[in-house]
Structure formats: structure tokens, C-alpha cells
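Comments concern the structure below.
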2 protein chains.
Amino acid sequence: MRAVIITSPGGPEVLEIQNVETPQPVGDQVRVRVRAAGINRADLLQRAGGYAAPPGWPADIPGLEFAGEVDAVGPLARSSKPGQRVMGIVGGGSQAEYILVHEGLLVEIPENLDFIQAAGVPEVFMTAHDALFTQAGLQMGERVLIHAAGSGVGTAAIQLAHACGAIVFATSRTAEKLERAKSLGLDVGLSDQNFAAEVKRLTNGAGVHVVLDFVGAPYMAQNLEALTSWGRMVFLATMGGTQANVNLGLLMSKRIQIRGCTLRSRTLEEKLAVTRRFATHVIPLLAADKVKPIIEQVYAMDEAAEAHKAMGENKNFGKLIIRID
Amino acid sequence: MRAVIITSPGGPEVLEIQNVETPQPVGDQVRVRVRAAGINRADLLQRAGGYAAPPGWPADIPGLEFAGEVDAVGPLARSSKPGQRVMGIVGGGSQAEYILVHEGLLVEIPENLDFIQAAGVPEVFMTAHDALFTQAGLQMGERVLIHAAGSGVGTAAIQLAHACGAIVFATSRTAEKLERAKSLGLDVGLSDQNFAAEVKRLTNGAGVHVVLDFVGAPYMAQNLEALTSWGRMVFLATMGGTQANVNLGLLMSKRIQIRGCTLRSRTLEEKLAVTRRFATHVIPLLAADKVKPIIEQVYAMDEAAEAHKAMGENKNFGKLIIRID
């Protein structure tokens with residue numbers, strides 16, 4: 001099969017299309033003929049040598065999500081049939097013609113989504129749903145602050161928060177991205193400068209109940225200031241730095257919770273639970289067009305390096321997708 | 001002060017306007033000058049002699065909710081100021097010019113609602129929010145079946161379920177009420193005949209995750225049939241009868257929970273918690289016009305008997321309100 005291969009740690013130029021052995025499903029594995037795969041920032045980290053695939057996943061093929069068709073099933077797989085349209089997350093390896101997936105990690109693609117759209121769903125909607133609802137317990141009527149409004153997870157988080165009846169604040173460095181996010185349900189767009197003071201001003205000093213952050217250290221003090229009592233902060237990335245100064249007095253007096261959270265490093269059991277919650281709570285909204293994947297650009301398989309460059313430049317609003325022909 | 005008085009158990013004709021002593025606030029009580037009070041089905045039961053006010057509340061003045069202004073505060077009240085526009089639930093007595101309320105049961109009225117609208121909020125939105133979210137744990141993407149779509153609680157429940165991203169099924173005897181409910185977020189309207197089979201047909205046999213019922217015994221078998229595995233059923237009234245035959249085998253095999261639930265008989269501590277959850281999760285949606293009280297008709301104080309007759313005829317879509325001039 002053809003696959004995108006990280007030939008050595010480095011820049012986008014280390015990506016090559018190579019022929020590798022097609023994997024064979026065993027046990028409860030299902031082989032999926034991938035039709036499209038999303039690009040994630042983690043792919044860039046892995047390509048640069050900084051974020052190795054967890055054990056059991058291809059070490060040199062990037063790709064954390066896929067959409068495609070069931071192609072072959074292992075002898076212990078019980079519910080999958082060849083030809084089913086499925087999507088899901090994996091620990092790596094989805095930017096290839098075929099991938100092996102545990103049957104329980106497959107989610108059937110709603111009829112209203114094609115493979116390109118579906119490939120833009122799993123990482124961002126599972127991550128956003130898990131972070132906002134399972135981790136932060138966001139509820140109707142609460143205020144949530146979402147950083148990086150134009151990122152893939154940002155666009156999904158804004159839509160899900162709006163769909164649950166929350167009031168949505170978001171930041172971006174780019175005013176145009178905030179403007180586009182309004183059509184997704186954003187209530188209040190903020191510059192990434194001085195956002196805590198703006199949040200306090202616009203809420204009569206009360207603040208937000210939940211913060212979803214990707215930046216880390218540089219935003220810590222403002223995030224704590226922006227949160228209300230009993231507020232919850234979830235980190236999905238630390239693009240601005242990991243060594244943060246935390247005011248524990250403020251944490252205590254406001255009864256604030258902070259938690260970090262990635263999907264990739266979780267156990268199979270945890271991923272199965274995340275997948276089932278996503279299927280129950282998000283798929284019906286996707287099927288009813290109440291939330292939707294936001295696709296910025298589609299690349300051919302041999303344009304993977306170009307896709308990595310584009311993501312590195314951070315100009316995208318929503319997802320970059322590789323079509324696997 | 002003037003008050004609606006239940007002069008003896010009986011029909012609407014036993015209601016009279018009488019002058020009674022104006023109550024004086026003590027401790028942490030607040031006296032509210034009532035401007036409007038909602039009618040509830042419980043008022044009719046109480047008038048007929050079947051649903052006495054709990055201890056500590058006026059025994060002969062009906063009225064479970066109010067909207068008005070803070071008029072005087074007891075010596076231990078800490079946060080209330082005369083002139084504040086407030087609404088809330090009480091154990092009885094709100095259909096009078098003045099009522100005493102524990103300070104913690106007051107909720108400030110959002111600026112976009114007048115007293116008539118606000119008087120249609122507390123019972124139906126607190127009851128619906130408590131039942132759907134606190135009791136039944138309704139979440140985004142789940143399907144909910146709400147009986148009595150045109151009742152006050154029905155119109156609030158449909159709006160809240162829609163606002164949280166649930167898929168809303170509802171029944172009514174009247175096709176016109178179902179049609180009106182569509183503008184509130186109803187997805188699927190059903191006749192009250194044969195609703196379980198319709199639910200199963202429309203969900204490919206899966207059923208709904210939550211049922212909100214007011215009818216009781218006559219609907220029990222169909223409610224159980226309509227629920228999916230791990231389904232939750234909440235009873236707020238049993239207008240069709242209390243002695244229900246329950247198939248415990250079905251309850252077990254589907255892992256179904258049933259719970260009954262009224263607001264009126266709860267302890268003060270429970271009511272304070274319900275009020276705070278309502279303020280946090282529902283007031284922001286009311287203030288943003290995302291959900292709204294549905295008012296069918298407004299009556300003058302001396303038309304209370306007429307209002308009781310109208311509610312008994314069950315033709316209303318939404319709330320009946322008494323204006324307290």
C-alpha cells in the first residue's frame with residue numbers, strides 16, 4: 001500500500017510517499033480502506049521528532065484520524081461488515097491507504113457527510129466534546145472561553161458549546177477568524193491581548209465558568225483571572241510553553257480546577273469510552289446538520305508536505321485534509 | 001392586603017377576593033409586592049381540597065409562583081433591596097398583594113421580561129430544568145419524549161431540551177398544539193395514541209433516552225416501551241391515575257430508572273439548590289431570548305375563578321397568569 005512516511009525527523013521535506021506492506025487484521029481488528037485523513041498539529045510534532053507514536057501504532061506513518069470503508073475484518077470482530085462507511089481516531093498511521101483499527105473505535109459516518117467532511121470530524125469533535133463536557137462538565141447557561149477560535153478543535157468546541165446552550169467567548173489573533181466563528185455560534189469574539197480584562201468587563205466582573213486552552217504558560221495568569229468561582233480550565237496543548245507560574249492562592253479562593261488532557265496517550269478502554277460518548281452525544285447533531293466539520297483545504301497524498309507547511313503557518317480556519325486516492 | 005381566598009373546598013366559585021392582614025417579614029424573610037402570579041394545576045387540586053399547602057405557607061391563598069418587587073426586608077436578610085424586580089416559587093399564597101419569601105428563593109428578573117412574563121417563568125422552568133437535567137440527566141444528542149406539549153411545563157421543557165442539543169419528541173391530544181410547539185424547538189410531534197410504536201418506528205427501534213410524564217398509570221406501559229436501554233423516566237404529575245402496572249422484567253432488561261418528582265414538598269434546602277441551579281443554567285437563556293415564557297392569557301385578580309375554569313378545560317397552550325394590581 002501507499003503511505004505518507006516520515007523518512008527521518010525534520011521539516012516538511014522529510015515526508016515521502018512510499019510503498020509499504022499492507023497490514024493484515026487479526027483478533028478484533030478491522031482493516032479500513034482510508035479515503036481521507038485529517039492533518040493535526042501533533043503530526044508536525046511527530047515529524048519533527050518530538051511526539052512519538054504510542055506503542056502498537058506505526059512509528060513512521062503520521063495521521064491520527066481517518067474516514068473510509070471497512071475492507072476486511074479480523075476473526076473476532078463481531079459488528080463490522082466490509083463496505084461500511086466509518087471514521088475514527090487512531091494512535092497514528094492513518095495517512096496511508098489502509099489502517100488497522102479496533103472495532104470499538106469505529107463510528108459509522110452519517111449519510112449527510114462525505115469522506116472528506118468525515119475525515120475532519122473525529123479528532124476535533126471527540127477532543128472538544130471530551131474536554132468541554134466529560135472533563136469540564138460544561139452545562140447550559142454557563143459561559144465558556146475558547147482560545148484559538150480558528151483551530152480545528154476551536155471550531156468544533158464553539159459549535160458544541162453553542163449547541164448545549166452555553167454562552168461562547170473565544171479569542172483569536174486574527175479578527176477575520178473571529179468574524180467567521182460567529183456563524184458557528186460564537187457570541188463574543190476577543191483579541192488574544194488583554195482577554196481577561198475584557199471577559200471581566202463584559203460579565204460585570206463575574207467571569208467565565210470554563211476555559212479551553214491550547215497556549216499554556218503565557219495565558220495562565222489571564223485564564224485564572226477570567227474564571228469565575230468553581231471555574232474549570234482544560235489544557236489540550238501548550239503551544240506557548242509548558243512551564244507556567246500558577247497563583248495557588250487564587251486557585252484556592254476561587255475553587256478552580258485545572259486539568260490537562262490529550263486523547264492520544266489514553267488506554268484503549270478510555271478511547272472506547274470517549275468514542276461511545278461521541279457517538280451518543282455528537283453524531284446526532286452532525287446527522288441533523290446542527291454542527292459540522294469546517295474544512296479549510298484538501299490536499300492530495302503527495303502534497304502532504306505542503307499541508308504540513310500550511311498548518312505550521314497557522315492561517316487555516318478549520319481542518320486541513322489529505323485525500324487518500 | 002387583597003388576596004384570592006379559597007373560602008371552602010369546592011369548584012371555582014369558592015374563590016373570593018378578600019382583605020386579609022398584610023404579613024410582616026421576620027428573620028431572613030423578604031416581603032414582595034406581587035405584580036403577577038401564575039396559575040398552576042396544583043391550585044385547582046388545592047381549591048378542591050386535595051392538595052393542602054405545606055406547613056408554614058398560607059393555607060387558603062393559592063399561588064405557587066410570583067413576580068414583583070421587593071417591598072420590605074427582614075432584619076437578617078442580606079442581599080435584597082426594596083425595589084428589586086424578583087420572581088420565585090413558594091409553597092402557596094402568591095395570589096395576593098404581598099407575600100413573604102426566604103431571600104434565597106428570590107431570583108432577579110432579567111431586564112427583557114416584564115412582570116406578566118416573569119410570572120410565567122418560575123414553576124415551569126424550574127420544574128422542567130430540575131426534571132430534565134438534575135433528575136433525568138438529559139444530555140446533548142439524546143432523544144427526549146415530553147408529554148402534554150401544550151402545558152406550561154411542556155412548553156418550557158421543549159425549549160430547554162432543544163436548547164441543550166437534545167432531539168425533542170412530544171405528544172398532545174391536539175394537533176394544533178403540536179404545530180405551535182414546533183416554533184419552540186419540537187422536532188417530532190406525536191398523537192397521544194400509540195406514541196410508543198411511533199417512537200420506535202421513527203428511531204429504528206432504538207427509542208428515547210428520557211421521558212417526561214404528567215399522565216401516570218395509563219401511559220406507563222407505552223413509556224417503558226418507548227425508552228431505550230439506560231432510559232430515565234420522570235413523573236411530575238399523574239393526571240390519569242396513580243396505580244400503575246409496571247413490567248419489572250422490562251425495567252431490569254433495559255436498565256430503566258423511574259422517579260417521581262414534585263417541587264412543592266421539598267425542604268427549604270432543596271428548594272434553595274433548585275433555585276440556584278435555575279439561576280445559573282436557565283436565567284442566561286431567558287435573558288438572551290433563547291427560551292421564553294409562553295403566556296396564553298392574563299386575568300385580573302377578580303377573574304381568578306375564570307382562570308381556574310380555563311385551566312380545568314385544558315385548552316391553554318402555555319401559562320395562565322393573574323395580574324395583581
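Each chain in the C-alpha cells gets a letter, A, B and so on, in the order shown; residues start at 1 in every chain, and ligands are counted from 1 in the order they appear.
Near chain B, within 7 Å and using only C-alpha atoms, the residues of chain A are Met140, Gly141, Glu142, Ala163, Cys164, Gly165, Thr280, His281, Val282, Pro284 and Leu285 of chain A.
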Polymer residues at most 9 Å from Pro58 of chain B, only C-alpha atoms, same-chain spacing of 3 or more positions, as a PyMOL selection string: chain B and resi 53-55+61-62+91-93
Which of A:Val144, A:Val153, A:Ile109, A:Ala136 sits closest to Gly189 of chain A [using only C-alpha atoms]: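 Going through A:Val144, A:Val153, A:Ile109, A:Ala136 one by one, the smallest distance to Gly189 of chain A is for A:Val144.
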Distance criterion (only C-alpha atoms): nearest to Lys271 of chain B out of B:Val70, B:Ala77, B:Ile5, B:Val90: B:Val90
Residues of segment 4-181 of chain A in strand (DSSP E), written as a PDB file with N, CA and C atoms, in the first residue's frame:
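Saved to part_3.pdb:
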ATOM      1  N   VAL A   4       2.076   7.882   3.527  1.00  0.00           N
ATOM      2  CA  VAL A   4       2.952   9.011   3.835  1.00  0.00           C
ATOM      3  C   VAL A   4       3.946   8.512   4.879  1.00  0.00           C
ATOM      4  N   ILE A   5       5.238   8.710   4.613  1.00  0.00           N
ATOM      5  CA  ILE A   5       6.269   8.202   5.522  1.00  0.00           C
ATOM      6  C   ILE A   5       7.133   9.361   6.028  1.00  0.00           C
ATOM      7  N   ILE A   6       7.374   9.361   7.345  1.00  0.00           N
ATOM      8  CA  ILE A   6       8.361  10.282   7.934  1.00  0.00           C
ATOM      9  C   ILE A   6       9.712   9.601   7.785  1.00  0.00           C
ATOM     10  N   LEU A  15       8.868  14.229   4.473  1.00  0.00           N
ATOM     11  CA  LEU A  15       7.701  13.383   4.157  1.00  0.00           C
ATOM     12  C   LEU A  15       7.823  12.856   2.731  1.00  0.00           C
ATOM     13  N   GLU A  16       7.594  11.546   2.568  1.00  0.00           N
ATOM     14  CA  GLU A  16       7.622  10.936   1.238  1.00  0.00           C
ATOM     15  C   GLU A  16       6.488   9.934   1.124  1.00  0.00           C
ATOM     16  N   ILE A  17       6.028   9.728  -0.101  1.00  0.00           N
ATOM     17  CA  ILE A  17       5.091   8.627  -0.331  1.00  0.00           C
ATOM     18  C   ILE A  17       5.910   7.386  -0.642  1.00  0.00           C
ATOM     19  N   GLN A  18       5.668   6.322   0.108  1.00  0.00           N
ATOM     20  CA  GLN A  18       6.395   5.075  -0.146  1.00  0.00           C
ATOM     21  C   GLN A  18       5.416   3.913  -0.169  1.00  0.00           C
ATOM     22  N   ASN A  19       5.850   2.821  -0.815  1.00  0.00           N
ATOM     23  CA  ASN A  19       5.069   1.591  -0.761  1.00  0.00           C
ATOM     24  C   ASN A  19       5.513   0.769   0.431  1.00  0.00           C
ATOM     25  N   GLN A  29      -9.491  -6.750  15.239  1.00  0.00           N
ATOM     26  CA  GLN A  29      -9.132  -5.620  14.378  1.00  0.00           C
ATOM     27  C   GLN A  29      -9.986  -5.587  13.111  1.00  0.00           C
ATOM     28  N   VAL A  30     -10.145  -4.381  12.601  1.00  0.00           N
ATOM     29  CA  VAL A  30     -10.828  -4.172  11.328  1.00  0.00           C
ATOM     30  C   VAL A  30      -9.853  -3.410  10.444  1.00  0.00           C
ATOM     31  N   ARG A  31      -9.752  -3.830   9.157  1.00  0.00           N
ATOM     32  CA  ARG A  31      -8.915  -3.047   8.238  1.00  0.00           C
ATOM     33  C   ARG A  31      -9.813  -2.075   7.479  1.00  0.00           C
ATOM     34  N   VAL A  32      -9.416  -0.810   7.495  1.00  0.00           N
ATOM     35  CA  VAL A  32     -10.192   0.233   6.816  1.00  0.00           C
ATOM     36  C   VAL A  32      -9.408   0.712   5.601  1.00  0.00           C
ATOM     37  N   ARG A  33     -10.103   0.779   4.454  1.00  0.00           N
ATOM     38  CA  ARG A  33      -9.518   1.446   3.279  1.00  0.00           C
ATOM     39  C   ARG A  33      -9.750   2.938   3.486  1.00  0.00           C
ATOM     40  N   VAL A  34      -8.688   3.654   3.849  1.00  0.00           N
ATOM     41  CA  VAL A  34      -8.806   5.075   4.167  1.00  0.00           C
ATOM     42  C   VAL A  34      -9.098   5.858   2.884  1.00  0.00           C
ATOM     43  N   ARG A  35     -10.072   6.773   2.966  1.00  0.00           N
ATOM     44  CA  ARG A  35     -10.389   7.635   1.813  1.00  0.00           C
ATOM     45  C   ARG A  35      -9.950   9.073   2.059  1.00  0.00           C
ATOM     46  N   ALA A  36      -9.825   9.447   3.304  1.00  0.00           N
ATOM     47  CA  ALA A  36      -9.367  10.800   3.652  1.00  0.00           C
ATOM     48  C   ALA A  36      -8.888  10.783   5.092  1.00  0.00           C
ATOM     49  N   ALA A  37      -7.888  11.635   5.384  1.00  0.00           N
ATOM     50  CA  ALA A  37      -7.309  11.671   6.735  1.00  0.00           C
ATOM     51  C   ALA A  37      -7.037  13.119   7.110  1.00  0.00           C
ATOM     52  N   GLY A  38      -7.402  13.505   8.311  1.00  0.00           N
ATOM     53  CA  GLY A  38      -7.153  14.867   8.765  1.00  0.00           C
ATOM     54  C   GLY A  38      -5.699  15.070   9.144  1.00  0.00           C
ATOM     55  N   GLU A  65      -6.414  10.366  12.504  1.00  0.00           N
ATOM     56  CA  GLU A  65      -7.854  10.172  12.264  1.00  0.00           C
ATOM     57  C   GLU A  65      -8.053   9.811  10.807  1.00  0.00           C
ATOM     58  N   PHE A  66      -9.202   9.226  10.543  1.00  0.00           N
ATOM     59  CA  PHE A  66      -9.452   8.725   9.182  1.00  0.00           C
ATOM     60  C   PHE A  66     -10.953   8.679   8.922  1.00  0.00           C
ATOM     61  N   ALA A  67     -11.280   8.637   7.619  1.00  0.00           N
ATOM     62  CA  ALA A  67     -12.622   8.272   7.173  1.00  0.00           C
ATOM     63  C   ALA A  67     -12.421   7.331   5.990  1.00  0.00           C
ATOM     64  N   GLY A  68     -13.233   6.272   5.921  1.00  0.00           N
ATOM     65  CA  GLY A  68     -13.050   5.313   4.833  1.00  0.00           C
ATOM     66  C   GLY A  68     -14.085   4.210   4.909  1.00  0.00           C
ATOM     67  N   GLU A  69     -13.756   3.081   4.284  1.00  0.00           N
ATOM     68  CA  GLU A  69     -14.678   1.954   4.267  1.00  0.00           C
ATOM     69  C   GLU A  69     -14.052   0.735   4.918  1.00  0.00           C
ATOM     70  N   VAL A  70     -14.853  -0.028   5.621  1.00  0.00           N
ATOM     71  CA  VAL A  70     -14.370  -1.307   6.156  1.00  0.00           C
ATOM     72  C   VAL A  70     -14.007  -2.194   4.970  1.00  0.00           C
ATOM     73  N   ASP A  71     -12.795  -2.771   5.043  1.00  0.00           N
ATOM     74  CA  ASP A  71     -12.249  -3.521   3.911  1.00  0.00           C
ATOM     75  C   ASP A  71     -12.133  -5.000   4.251  1.00  0.00           C
ATOM     76  N   ALA A  72     -11.681  -5.320   5.468  1.00  0.00           N
ATOM     77  CA  ALA A  72     -11.543  -6.713   5.906  1.00  0.00           C
ATOM     78  C   ALA A  72     -11.668  -6.727   7.423  1.00  0.00           C
ATOM     79  N   VAL A  73     -12.171  -7.825   7.986  1.00  0.00           N
ATOM     80  CA  VAL A  73     -12.354  -7.875   9.441  1.00  0.00           C
ATOM     81  C   VAL A  73     -11.627  -9.082  10.023  1.00  0.00           C
ATOM     82  N   ARG A  85     -19.263   2.596   5.916  1.00  0.00           N
ATOM     83  CA  ARG A  85     -18.564   3.890   5.932  1.00  0.00           C
ATOM     84  C   ARG A  85     -18.277   4.255   7.392  1.00  0.00           C
ATOM     85  N   VAL A  86     -17.001   4.353   7.725  1.00  0.00           N
ATOM     86  CA  VAL A  86     -16.619   4.540   9.124  1.00  0.00           C
ATOM     87  C   VAL A  86     -15.555   5.625   9.258  1.00  0.00           C
ATOM     88  N   MET A  87     -15.493   6.172  10.475  1.00  0.00           N
ATOM     89  CA  MET A  87     -14.444   7.141  10.799  1.00  0.00           C
ATOM     90  C   MET A  87     -13.980   6.863  12.219  1.00  0.00           C
ATOM     91  N   GLY A  88     -12.854   7.468  12.588  1.00  0.00           N
ATOM     92  CA  GLY A  88     -12.388   7.257  13.953  1.00  0.00           C
ATOM     93  C   GLY A  88     -11.029   7.874  14.198  1.00  0.00           C
ATOM     94  N   ILE A  89     -10.569   7.732  15.448  1.00  0.00           N
ATOM     95  CA  ILE A  89      -9.227   8.178  15.814  1.00  0.00           C
ATOM     96  C   ILE A  89      -8.321   6.971  15.995  1.00  0.00           C
ATOM     97  N   TYR A  98      -4.363   1.927   3.889  1.00  0.00           N
ATOM     98  CA  TYR A  98      -5.057   1.002   4.792  1.00  0.00           C
ATOM     99  C   TYR A  98      -4.586   1.232   6.215  1.00  0.00           C
ATOM    100  N   ILE A  99      -5.504   0.997   7.163  1.00  0.00           N
ATOM    101  CA  ILE A  99      -5.110   1.071   8.566  1.00  0.00           C
ATOM    102  C   ILE A  99      -5.893   0.027   9.347  1.00  0.00           C
ATOM    103  N   LEU A 100      -5.271  -0.502  10.406  1.00  0.00           N
ATOM    104  CA  LEU A 100      -5.948  -1.451  11.296  1.00  0.00           C
ATOM    105  C   LEU A 100      -6.480  -0.697  12.506  1.00  0.00           C
ATOM    106  N   VAL A 101      -7.741  -0.966  12.852  1.00  0.00           N
ATOM    107  CA  VAL A 101      -8.389  -0.251  13.957  1.00  0.00           C
ATOM    108  C   VAL A 101      -9.159  -1.254  14.802  1.00  0.00           C
ATOM    109  N   HIS A 102      -9.134  -1.078  16.132  1.00  0.00           N
ATOM    110  CA  HIS A 102     -10.017  -1.867  16.992  1.00  0.00           C
ATOM    111  C   HIS A 102     -11.463  -1.540  16.618  1.00  0.00           C
ATOM    112  N   VAL A 107     -16.743   4.554  14.204  1.00  0.00           N
ATOM    113  CA  VAL A 107     -18.049   5.205  14.291  1.00  0.00           C
ATOM    114  C   VAL A 107     -18.599   5.304  12.873  1.00  0.00           C
ATOM    115  N   GLU A 108     -19.845   4.917  12.698  1.00  0.00           N
ATOM    116  CA  GLU A 108     -20.428   4.979  11.358  1.00  0.00           C
ATOM    117  C   GLU A 108     -20.618   6.438  10.934  1.00  0.00           C
ATOM    118  N   ARG A 143     -20.926  30.202  30.862  1.00  0.00           N
ATOM    119  CA  ARG A 143     -20.082  30.918  29.906  1.00  0.00           C
ATOM    120  C   ARG A 143     -18.767  30.160  29.740  1.00  0.00           C
ATOM    121  N   VAL A 144     -18.333  30.010  28.483  1.00  0.00           N
ATOM    122  CA  VAL A 144     -17.092  29.300  28.209  1.00  0.00           C
ATOM    123  C   VAL A 144     -16.193  30.174  27.351  1.00  0.00           C
ATOM    124  N   LEU A 145     -14.898  30.142  27.661  1.00  0.00           N
ATOM    125  CA  LEU A 145     -13.899  30.888  26.878  1.00  0.00           C
ATOM    126  C   LEU A 145     -13.046  29.879  26.119  1.00  0.00           C
ATOM    127  N   ILE A 146     -13.061  29.966  24.791  1.00  0.00           N
ATOM    128  CA  ILE A 146     -12.337  29.027  23.937  1.00  0.00           C
ATOM    129  C   ILE A 146     -11.225  29.785  23.221  1.00  0.00           C
ATOM    130  N   ILE A 167     -22.959  30.145  26.678  1.00  0.00           N
ATOM    131  CA  ILE A 167     -22.620  31.427  26.067  1.00  0.00           C
ATOM    132  C   ILE A 167     -21.128  31.392  25.750  1.00  0.00           C
ATOM    133  N   VAL A 168     -20.792  31.629  24.469  1.00  0.00           N
ATOM    134  CA  VAL A 168     -19.459  31.313  23.968  1.00  0.00           C
ATOM    135  C   VAL A 168     -18.629  32.568  23.745  1.00  0.00           C
ATOM    136  N   PHE A 169     -17.505  32.647  24.492  1.00  0.00           N
ATOM    137  CA  PHE A 169     -16.473  33.648  24.265  1.00  0.00           C
ATOM    138  C   PHE A 169     -15.305  32.936  23.582  1.00  0.00           C
ATOM    139  N   ALA A 170     -14.607  33.612  22.662  1.00  0.00           N
ATOM    140  CA  ALA A 170     -13.421  32.996  22.070  1.00  0.00           C
ATOM    141  C   ALA A 170     -12.405  34.058  21.719  1.00  0.00           C
ATOM    142  N   THR A 171     -11.131  33.633  21.690  1.00  0.00           N
ATOM    143  CA  THR A 171     -10.051  34.533  21.284  1.00  0.00           C
ATOM    144  C   THR A 171      -9.432  34.047  19.986  1.00  0.00           C
ATOM    145  N   SER A 172      -8.849  34.976  19.262  1.00  0.00           N
ATOM    146  CA  SER A 172      -8.006  34.648  18.119  1.00  0.00           C
ATOM    147  C   SER A 172      -7.083  35.823  17.902  1.00  0.00           C
TER     148      SER A 172
END
